[in-house]
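K.L.:
Compact mmCIF, C-alpha atoms, saved as data.txt, coming up:
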```txt
# COMPACT_ATOMS: atom_id res chain seq x y z
CA GLN N 6 20.66 -1.27 26.11
CA ALA N 7 17.58 0.04 24.34
CA GLN N 8 16.81 3.73 24.07
CA LEU N 9 13.30 4.90 23.23
CA VAL N 10 12.14 8.39 22.31
CA GLU N 11 8.44 9.15 21.82
CA SER N 12 6.94 11.99 19.83
CA GLY N 13 3.65 13.01 18.28
CA GLY N 14 1.56 13.79 21.32
CA GLY N 15 -0.53 16.92 21.56
CA SER N 16 -3.98 18.34 22.07
CA VAL N 17 -6.89 17.35 19.88
CA GLN N 18 -10.66 17.60 19.97
CA ALA N 19 -12.82 14.56 20.50
CA GLY N 20 -13.19 12.60 17.29
CA GLY N 21 -9.79 13.62 16.04
CA SER N 22 -6.69 11.56 15.34
CA LEU N 23 -3.06 11.49 16.37
CA ARG N 24 -0.12 9.32 15.44
CA LEU N 25 2.52 8.67 18.04
CA SER N 26 6.04 7.62 17.10
CA CYS N 27 8.74 5.90 19.10
CA ALA N 28 12.28 5.93 17.76
CA ALA N 29 14.22 2.94 19.04
CA SER N 30 17.93 2.28 19.17
CA GLY N 31 20.38 0.04 20.93
CA TYR N 32 18.99 -3.38 20.12
CA THR N 33 18.49 -3.67 16.39
CA GLY N 34 18.82 -7.16 15.04
CA SER N 35 17.51 -8.84 18.18
CA THR N 36 14.15 -10.46 18.76
CA TYR N 37 12.16 -8.00 20.78
CA SER N 38 8.67 -6.89 21.64
CA MET N 39 7.47 -3.31 21.83
CA ALA N 40 4.35 -1.80 23.25
CA TRP N 41 2.46 1.35 24.03
CA PHE N 42 1.18 2.04 27.51
CA ARG N 43 -0.69 4.99 28.93
CA GLN N 44 -1.20 6.47 32.33
CA ALA N 45 -3.81 9.03 33.29
CA PRO N 46 -3.48 11.09 36.49
CA GLY N 47 -4.39 9.01 39.51
CA LYS N 48 -4.64 5.79 37.52
CA GLU N 49 -2.40 2.82 36.97
CA ARG N 50 -0.37 2.42 33.84
CA GLU N 51 -2.28 0.30 31.35
CA GLY N 52 -1.35 -1.53 28.20
CA VAL N 53 -2.65 -0.14 24.93
CA ALA N 54 -1.10 -2.28 22.21
CA ALA N 55 1.96 -4.40 21.57
CA VAL N 56 3.83 -5.90 18.64
CA VAL N 57 6.35 -8.69 18.56
CA GLY N 58 9.62 -7.93 16.76
CA ARG N 59 9.84 -8.58 13.09
CA ASP N 60 6.99 -11.05 12.73
CA GLY N 61 4.42 -8.37 13.44
CA THR N 62 2.17 -10.28 15.83
CA THR N 63 0.03 -7.75 17.68
CA ALA N 64 -1.99 -7.53 20.86
CA TYR N 65 -4.48 -4.86 21.84
CA ALA N 66 -6.39 -3.78 24.88
CA TYR N 67 -9.84 -5.07 24.09
CA SER N 68 -11.55 -1.71 24.64
CA LEU N 69 -9.23 0.08 22.22
CA LYS N 70 -9.06 -2.36 19.36
CA GLY N 71 -10.64 -0.82 16.29
CA ARG N 72 -9.70 2.74 17.18
CA PHE N 73 -5.97 2.29 17.79
CA THR N 74 -3.48 0.60 15.48
CA ILE N 75 0.10 -0.33 16.32
CA SER N 76 2.68 -0.73 13.60
CA THR N 77 6.41 -0.74 13.04
CA ASP N 78 8.82 0.43 10.39
CA ASN N 79 11.71 -1.96 10.84
CA ALA N 80 13.92 -0.04 8.42
CA LYS N 81 13.56 3.06 10.58
CA ASN N 82 13.44 1.19 13.91
CA THR N 83 10.31 3.12 14.71
CA LEU N 84 7.12 2.10 16.46
CA TYR N 85 3.85 3.87 15.74
CA LEU N 86 0.45 4.18 17.35
CA GLN N 87 -2.32 5.51 15.15
CA MET N 88 -5.18 6.75 17.30
CA ASN N 89 -8.51 7.54 15.68
CA SER N 90 -11.88 8.68 17.01
CA LEU N 91 -10.20 9.96 20.13
CA LYS N 92 -12.25 10.46 23.28
CA PRO N 93 -11.62 12.62 26.35
CA GLU N 94 -10.97 9.43 28.33
CA ASP N 95 -7.97 8.75 26.09
CA THR N 96 -6.22 11.70 27.73
CA ALA N 97 -3.04 10.36 29.31
CA MET N 98 0.73 10.23 29.11
CA TYR N 99 1.61 7.65 26.51
CA TYR N 100 4.76 5.59 26.89
CA CYS N 101 6.69 3.40 24.52
CA ALA N 102 8.29 0.30 26.02
CA ALA N 103 10.48 -2.57 24.83
CA ARG N 104 11.74 -5.92 25.98
CA PHE N 105 14.02 -8.53 24.51
CA GLY N 106 12.20 -11.64 23.44
CA ARG N 107 8.71 -12.49 22.37
CA CYS N 108 5.47 -11.98 24.16
CA SER N 109 1.88 -12.87 23.44
CA GLY N 110 -1.61 -11.83 24.39
CA SER N 111 -2.25 -10.07 27.65
CA TRP N 112 1.30 -10.76 28.81
CA CYS N 113 2.40 -8.17 26.24
CA LEU N 114 0.18 -5.56 27.86
CA ASP N 115 1.52 -5.87 31.40
CA PRO N 116 4.01 -3.07 32.12
CA ARG N 117 5.88 -5.32 34.57
CA ASN N 118 7.14 -7.35 31.63
CA PHE N 119 8.95 -4.47 29.92
CA ALA N 120 12.42 -3.33 30.88
CA TYR N 121 12.98 -0.31 28.68
CA TRP N 122 10.86 2.82 28.66
CA GLY N 123 10.70 6.15 26.90
CA GLN N 124 10.03 9.44 28.64
CA GLY N 125 6.41 9.64 27.48
CA THR N 126 4.39 11.97 25.32
CA GLN N 127 1.23 13.71 26.50
CA VAL N 128 -2.07 13.26 24.69
CA THR N 129 -4.94 15.54 25.65
CA VAL N 130 -8.39 15.13 24.13
CA SER N 131 -10.95 17.86 24.72
CA SER N 132 -14.70 17.47 24.42
```
Would you give me this structure, written as structure tokens?
P.N.:
Amino acid sequence: QAQLVESGGGSVQAGGSLRLSCAASGYTGSTYSMAWFRQAPGKEREGVAAVVGRDGTTAYAYSLKGRFTISTDNAKNTLYLQMNSLKPEDTAMYYCAARFGRCSGSWCLDPRNFAYWGQGTQVTVSS
């Protein structure tokens, strides 16, 4: 069973940057997909970006592509989300998620398709 632990959240002013990390364990060596989701108060959880296992195929929420970059360090079993040019509307709890098997496109950004979740890390962007 996969275990996921996020870190790197915090408070930043608009225009700033943050890098989130997600340390993964419990399923190394398998084909898997990982993703970042976020949820603001009163809103549904939404997909931010996803990456498929070791081949590195990525998917992004259209509105975030260009500001956010997902990446992995397979040697460290760690998932990252680099967030640049942050805006107040990016304020949310950010979650790391994983599933066994591949995914593609928008299917990778649907939280219903992910079985394993971290506890979340809060990102707050002030204007």
K.L.:
With distances taken over all atoms listed in the file, which residue among N:Trp41, N:Phe73, N:Tyr100, N:Trp112 lies nearest N:Gln87?
P.N.:
N:Phe73
K.L.:
For N:Asn82, please output as number ranges by chain all residues within 9 Å (counting only C-alpha atoms; exclusion window: fewer than 3 positions along the same chain).
P.N.:
N: 27-30, 33, 77-79
K.L.:
Up to 7 Å from (-10.5, 8.3, 17.3) in the file's coordinates: name the residues, counting all atoms listed in the file, as a PyMOL selection string.
P.N.:
chain N and resi 20-22+72+88-92
K.L.:
Distance atom CA of N:Ala97-atom CA of N:Leu25, one decimal place?
P.N.:
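That distance, rounded to one decimal, is 12.7 Å.
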K.L.:
Using all atoms listed in the file, what does the table of stretch 82-107 of chain N residues within 9 Å of stretch 44-47 of chain N look like, with each row giving the shortest atom pair and its distance in Å to one decimal, sorted by chain and ascending number, as a Markdown table?
P.N.:
```
| residue | atom | partner | partner_atom | distance |
| --- | --- | --- | --- | --- |
| N:Glu94 | CA | N:Ala45 | CA | 8.7 |
| N:Asp95 | CA | N:Ala45 | CA | 8.3 |
| N:Thr96 | CA | N:Ala45 | CA | 6.6 |
| N:Ala97 | CA | N:Ala45 | CA | 4.3 |
| N:Met98 | CA | N:Gln44 | CA | 5.3 |
| N:Tyr99 | CA | N:Gln44 | CA | 6.6 |
| N:Tyr100 | CA | N:Gln44 | CA | 8.1 |
```
K.L.:
So that I can see what lies close to N:Gln18, please list as a PDB file with C-alpha atoms, in the frame of the given file the residues with an atom at most 8 Å from it, counting only C-alpha atoms and leaving out residues fewer than 5 positions away in the same chain.
P.N.:
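Result saved to out04.pdb:
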```
ATOM      1  CA  LEU N  91     -10.200   9.960  20.130  1.00  0.00           C
ATOM      2  CA  VAL N 130      -8.390  15.130  24.130  1.00  0.00           C
ATOM      3  CA  SER N 131     -10.950  17.860  24.720  1.00  0.00           C
ATOM      4  CA  SER N 132     -14.700  17.470  24.420  1.00  0.00           C
TER       5      SER N 132
END
```
K.L.:
Just how far from atom CA of N:Met39 is atom CA of N:Ala64, in Å to one decimal?
P.N.:
10.4 Å
K.L.:
How many Å lie between atom CA of N:Ala120 and atom CA of N:Phe105, rounded to one decimal?
P.N.:
8.4 Å
K.L.:
With all atoms listed in the file as the atoms that count, which of N:Glu49, N:Ser26, N:Arg43, N:Arg107 lies nearest to N:Ile75?
P.N.:
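Checking each of N:Glu49, N:Ser26, N:Arg43, N:Arg107 against N:Ile75, counting all atoms listed in the file, the winner is N:Ser26.
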K.L.:
Considering only C-alpha atoms, return as a PyMOL selection string whatever protein or nucleic-acid residues lie within 10 Å of N:Cys108, sequence-local ones (same chain, fewer than 3 positions apart) excluded.
P.N.:
chain N and resi 37-39+55-58+62-64+104-105+111-114+118
